[in-house]
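So this one's upload.cif, mmCIF, C-alpha atoms:
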data_coords
#
loop_
_atom_site.group_PDB
_atom_site.id
_atom_site.type_symbol
_atom_site.label_atom_id
_atom_site.label_comp_id
_atom_site.auth_asym_id
_atom_site.auth_seq_id
_atom_site.Cartn_x
_atom_site.Cartn_y
_atom_site.Cartn_z
ATOM 1 C CA MET A 1 34.850 133.673 159.583
ATOM 2 C CA ALA A 2 32.207 135.053 161.948
ATOM 3 C CA GLU A 3 31.285 133.114 165.086
ATOM 4 C CA LEU A 4 27.901 132.793 166.760
ATOM 5 C CA VAL A 5 28.009 134.481 170.182
ATOM 6 C CA ARG A 6 24.471 133.867 171.416
ATOM 7 C CA LYS A 7 21.197 132.381 170.237
ATOM 8 C CA GLN A 8 17.772 132.648 171.798
ATOM 9 C CA HIS A 9 14.155 132.070 170.886
ATOM 10 C CA VAL A 10 11.332 134.494 171.629
ATOM 11 C CA ASP A 11 7.664 134.662 170.757
ATOM 12 C CA ALA A 12 6.385 137.726 168.920
ATOM 13 C CA TYR A 13 2.706 138.440 169.431
ATOM 14 C CA VAL A 14 1.621 139.740 166.042
ATOM 15 C CA GLY A 15 -1.338 142.100 165.942
ATOM 16 C CA PHE A 16 -2.589 144.072 162.961
ATOM 17 C CA HIS A 17 0.113 142.382 160.808
ATOM 18 C CA ALA A 18 2.960 143.806 162.878
ATOM 19 C CA PHE A 19 5.450 143.538 165.715
ATOM 20 C CA GLY A 20 8.571 145.429 166.656
ATOM 21 C CA LEU A 21 11.984 145.152 168.229
ATOM 22 C CA GLN A 22 12.901 148.277 170.164
ATOM 23 C CA GLU A 23 15.797 149.463 172.307
ATOM 24 C CA SER A 24 15.000 148.380 175.877
ATOM 25 C CA ASP A 25 16.021 151.763 177.290
ATOM 26 C CA ASP A 26 13.381 153.526 175.214
ATOM 27 C CA ALA A 27 12.729 156.706 177.231
ATOM 28 C CA ASP A 28 14.591 158.951 174.794
ATOM 29 C CA LEU A 29 13.550 157.411 171.483
ATOM 30 C CA PRO A 30 12.155 160.070 169.135
ATOM 31 C CA VAL A 31 9.531 157.704 167.634
ATOM 32 C CA PRO A 32 8.396 154.983 170.086
ATOM 33 C CA PHE A 33 6.639 151.822 168.872
ATOM 34 C CA PRO A 34 4.153 151.754 167.123
ATOM 35 C CA ASP A 35 4.145 155.421 166.016
ATOM 36 C CA ASP A 36 4.725 155.886 162.260
ATOM 37 C CA PHE A 37 4.707 152.124 161.587
ATOM 38 C CA ASN A 38 5.031 151.456 157.839
ATOM 39 C CA LEU A 39 2.765 148.517 156.934
ATOM 40 C CA ASP A 40 3.928 148.655 153.306
ATOM 41 C CA ALA A 41 7.490 147.474 154.125
ATOM 42 C CA PHE A 42 8.623 144.074 155.408
ATOM 43 C CA LEU A 43 11.316 145.745 157.534
ATOM 44 C CA SER A 44 11.432 149.432 158.359
ATOM 45 C CA THR A 45 13.386 151.400 160.931
ATOM 46 C CA HIS A 46 13.301 154.359 163.262
ATOM 47 C CA PRO A 47 16.137 155.265 165.656
ATOM 48 C CA GLY A 48 16.433 152.387 168.155
ATOM 49 C CA ARG A 49 13.589 150.462 166.547
ATOM 50 C CA LEU A 50 12.908 147.762 163.950
ATOM 51 C CA ASP A 51 9.363 147.366 162.606
ATOM 52 C CA ILE A 52 8.440 144.030 161.058
ATOM 53 C CA THR A 53 5.327 143.430 158.958
ATOM 54 C CA SER A 54 3.803 139.954 159.122
ATOM 55 C CA GLY A 55 1.839 137.971 156.554
ATOM 56 C CA GLY A 56 -0.891 137.283 159.147
ATOM 57 C CA HIS A 57 -3.144 139.586 161.133
ATOM 58 C CA THR A 58 -3.153 138.008 164.596
ATOM 59 C CA HIS A 59 -0.909 135.142 165.697
ATOM 60 C CA THR A 60 2.265 134.280 167.578
ATOM 61 C CA ALA A 61 5.377 134.153 165.423
ATOM 62 C CA ALA A 62 8.428 132.089 166.380
ATOM 63 C CA VAL A 63 11.560 134.248 166.359
ATOM 64 C CA ALA A 64 15.102 132.857 166.498
ATOM 65 C CA VAL A 65 17.615 135.567 167.356
ATOM 66 C CA GLU A 66 21.326 135.173 166.701
ATOM 67 C CA VAL A 67 24.093 137.523 167.811
ATOM 68 C CA TRP A 68 27.337 137.197 165.829
ATOM 69 C CA ASP A 69 30.810 138.683 166.293
ATOM 70 C CA GLY A 70 30.937 139.598 162.575
ATOM 71 C CA PRO A 71 28.793 139.353 159.445
ATOM 72 C CA PRO A 72 27.279 135.849 159.242
ATOM 73 C CA ALA A 73 26.752 134.094 155.933
ATOM 74 C CA ALA A 74 23.360 135.018 154.515
ATOM 75 C CA PRO A 75 20.755 132.262 154.785
ATOM 76 C CA ASP A 76 19.802 130.644 151.481
ATOM 77 C CA PRO A 77 17.064 132.926 150.087
ATOM 78 C CA ALA A 78 15.237 129.874 148.705
ATOM 79 C CA GLY A 79 14.243 128.932 152.264
ATOM 80 C CA TRP A 80 12.728 132.321 153.107
ATOM 81 C CA ASP A 81 9.762 134.363 151.865
ATOM 82 C CA GLU A 82 11.330 137.726 152.747
ATOM 83 C CA GLN A 83 14.764 139.005 153.772
ATOM 84 C CA ALA A 84 15.975 142.507 154.563
ATOM 85 C CA GLU A 85 18.883 144.234 156.320
ATOM 86 C CA ALA A 86 19.125 147.439 158.325
ATOM 87 C CA GLU A 87 21.210 149.402 160.817
ATOM 88 C CA PHE A 88 20.283 149.350 164.507
ATOM 89 C CA ALA A 89 21.706 151.313 167.450
ATOM 90 C CA SER A 90 21.270 150.256 171.068
ATOM 91 C CA THR A 91 22.239 152.310 174.106
ATOM 92 C CA SER A 92 21.652 149.482 176.610
ATOM 93 C CA GLY A 93 22.633 146.360 174.659
ATOM 94 C CA GLU A 94 19.123 144.948 175.163
ATOM 95 C CA VAL A 95 16.167 144.887 172.799
ATOM 96 C CA ALA A 96 12.526 144.516 173.861
ATOM 97 C CA VAL A 97 9.883 142.746 171.780
ATOM 98 C CA TRP A 98 6.762 144.828 171.155
ATOM 99 C CA SER A 99 3.249 143.895 170.042
ATOM 100 C CA MET A 100 0.524 146.074 168.541
ATOM 101 C CA HIS A 101 -1.936 144.309 170.893
ATOM 102 C CA THR A 102 -0.088 144.062 174.180
ATOM 103 C CA GLY A 103 2.669 146.679 173.952
ATOM 104 C CA ARG A 104 6.025 145.740 175.430
ATOM 105 C CA THR A 105 6.301 142.033 176.189
ATOM 106 C CA ASP A 106 8.480 140.369 178.823
ATOM 107 C CA SER A 107 10.878 139.066 176.156
ATOM 108 C CA LEU A 108 14.301 140.725 176.073
ATOM 109 C CA ILE A 109 17.059 140.081 173.567
ATOM 110 C CA ARG A 110 20.615 140.634 174.803
ATOM 111 C CA LEU A 111 22.945 141.940 172.122
ATOM 112 C CA ALA A 112 25.797 142.884 174.460
ATOM 113 C CA TYR A 113 26.458 144.173 177.965
ATOM 114 C CA ALA A 114 26.735 147.746 176.673
ATOM 115 C CA GLY A 115 25.346 149.820 173.841
ATOM 116 C CA GLY A 116 26.607 149.836 170.292
ATOM 117 C CA SER A 117 25.843 149.969 166.603
ATOM 118 C CA TRP A 118 24.625 146.852 164.838
ATOM 119 C CA ARG A 119 23.683 145.462 161.450
ATOM 120 C CA VAL A 120 20.642 143.245 161.435
ATOM 121 C CA ARG A 121 19.228 140.810 158.891
ATOM 122 C CA VAL A 122 15.622 139.648 159.217
ATOM 123 C CA SER A 123 14.429 136.566 157.330
ATOM 124 C CA CYS A 124 10.861 135.250 157.380
ATOM 125 C CA ALA A 125 9.135 132.034 156.268
ATOM 126 C CA GLY A 126 5.479 131.019 156.498
ATOM 127 C CA ARG A 127 3.931 134.318 155.428
ATOM 128 C CA ALA A 128 1.297 132.742 153.158
ATOM 129 C CA ALA A 129 0.357 130.186 155.820
ATOM 130 C CA ALA A 130 -0.001 132.987 158.410
ATOM 131 C CA ALA A 131 -2.189 134.965 155.984
ATOM 132 C CA ALA A 132 -4.388 131.913 155.316
ATOM 133 C CA LEU A 133 -4.667 131.252 159.043
ATOM 134 C CA SER A 134 -5.811 134.842 159.607
ATOM 135 C CA GLU A 135 -8.594 134.380 157.065
ATOM 136 C CA GLY A 136 -9.619 131.007 158.509
ATOM 137 C CA GLU A 137 -9.228 130.067 162.168
ATOM 138 C CA GLY A 138 -7.779 133.405 163.201
ATOM 139 C CA THR A 139 -4.748 132.699 165.386
ATOM 140 C CA GLY A 140 -1.914 130.210 165.622
ATOM 141 C CA HIS A 141 1.544 129.660 167.058
ATOM 142 C CA GLY A 142 4.787 129.291 165.113
ATOM 143 C CA VAL A 143 3.232 129.177 161.646
ATOM 144 C CA GLU A 144 5.313 132.186 160.660
ATOM 145 C CA ARG A 145 9.023 131.912 161.554
ATOM 146 C CA TYR A 146 11.696 134.574 161.722
ATOM 147 C CA LEU A 147 15.468 134.515 161.905
ATOM 148 C CA VAL A 148 16.916 137.790 163.193
ATOM 149 C CA GLN A 149 20.709 138.042 162.977
ATOM 150 C CA PHE A 150 22.641 140.884 164.666
ATOM 151 C CA TRP A 151 26.349 141.640 164.278
ATOM 152 C CA PRO A 152 28.472 144.664 165.197
ATOM 153 C CA ALA A 153 28.510 147.420 162.600
ATOM 154 C CA ARG A 154 32.000 148.314 161.491
ATOM 155 C CA SER A 155 32.936 151.931 160.912
#
Take the structure in this file and express it as structure tokens.
Amino acid sequence: MAELVRKQHVDAYVGFHAFGLQESDDADLPVPFPDDFNLDAFLSTHPGRLDITSGGHTHTAAVAVEVWDGPPAAPDPAGWDEQAEAEFASTSGEVAVWSMHTGRTDSLIRLAYAGGSWRVRVSCAGRAAAAALSEGEGTGHGVERYLVQFWPARS
């Protein structure tokens, strides 16, 4: 059974319905955030980068990040609006949070103390509430929630 190695919470500043998680050592990435962002997919990828599409236009999403030593049990889909999985490679072991509005934020997610290949599952709740907020008041904090789970990819 997989064990939780680390858990942290970060804020994601959503702008234009989007935010990203990108390899912290991003100098050599072929497609840096937000180039070629796919707004039609909940989760899309580029090398060293995860693009996440939000239900709301402009707000701050609450993101819980978990790092596991193996594949964690999938969260009950009934509690989430969207779920998707992808591959992710990191050369540094750290991931930066990116915003369409502000670019790279100060938030860093530590996966490990060295690079490696990972699987990631992203789950989201509160998409309709974030969309309604965007059409009404405009901004909010924590209305849309994410759970991002990383675990080592096995060859």
Point to revise | Spatial neighbours of Trp98 in chain A, 7 Å, all atoms listed in the file, chain gap at least 4 places, as an MDAnalysis selection string | key: chainID A and resid 19:21 103:105
Practice item. Report as a list of chain:residue names the residues that result from applying the PyMOL selection byres ((chain A and resi 73-83) around 8) to the structure here. Key: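 Output from the PyMOL selection byres ((chain A and resi 73-83) around 8), applied to this file: A:Phe42, A:Pro71, A:Pro72, A:Ala84, A:Glu85, A:Arg121, A:Val122, A:Ser123, A:Cys124, A:Ala125, A:Gly126, A:Arg127.
Distances from A:Trp151, A:Phe88, A:Trp118, A:Tyr13 to Thr60 in chain A were compared using only C-alpha atoms, and the smallest one belongs to A:Tyr13.
Using only C-alpha atoms, the smallest distance between any of A:Ala12, A:Leu4, A:Ala112, A:Ala18 and Gly55 in chain A comes from A:Ala18.
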Practice item. Between A:Gly56, A:Val31, A:Gly140, A:Glu23, single out the one closest to Gly116 in chain A, counting only C-alpha atoms. Key: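 Under the stated criterion, the closest residue is A:Glu23.
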Practice item. Would you please work out which residue, of A:Pro152, A:Gly136, A:Pro34, A:Gly142, is nearest to Val63 in chain A when using all atoms listed in the file? Key: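 Ranking A:Pro152, A:Gly136, A:Pro34, A:Gly142 by distance to Val63 in chain A, first place goes to A:Gly142.
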Exercise for review: Expand the PyMOL selection byres ((chain A and resi 132) around 12) into the individual residues it matches in the shown file, reporting them as a PyMOL selection string.
Suggested key: chain A and resi 55-59+126-131+133-140+143-144
Practice item. Run the PyMOL selection byres ((chain A and resi 3) around 9) on the file and write out the hits as a list in words. Key: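 Going through the file, the PyMOL selection byres ((chain A and resi 3) around 9) ends up selecting Met1, Ala2, Leu4, Val5, Val67, Trp68, Asp69, Gly70, Pro71 and Pro72 of chain A.
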Exercise for review: Have a look at CA of His141 in chain A and CA of Val14 in chain A and let me know their distance in Å, one decimal.
Suggested key: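 Interatomic distance, CA of His141 in chain A to CA of Val14 in chain A: 10.1 Å.
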Check your understanding: Counting all atoms listed in the file, which of A:Glu66, A:Ser90, A:Leu50, A:Asp35 gets nearest to Lys7 in chain A?
Key -> A:Glu66
Point to revise | Between CA of Ser99 in chain A and CA of Gly15 in chain A - distance in Å to one decimal | key: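 Straight-line distance from CA of Gly15 in chain A to CA of Ser99 in chain A works out to 6.4 Å.
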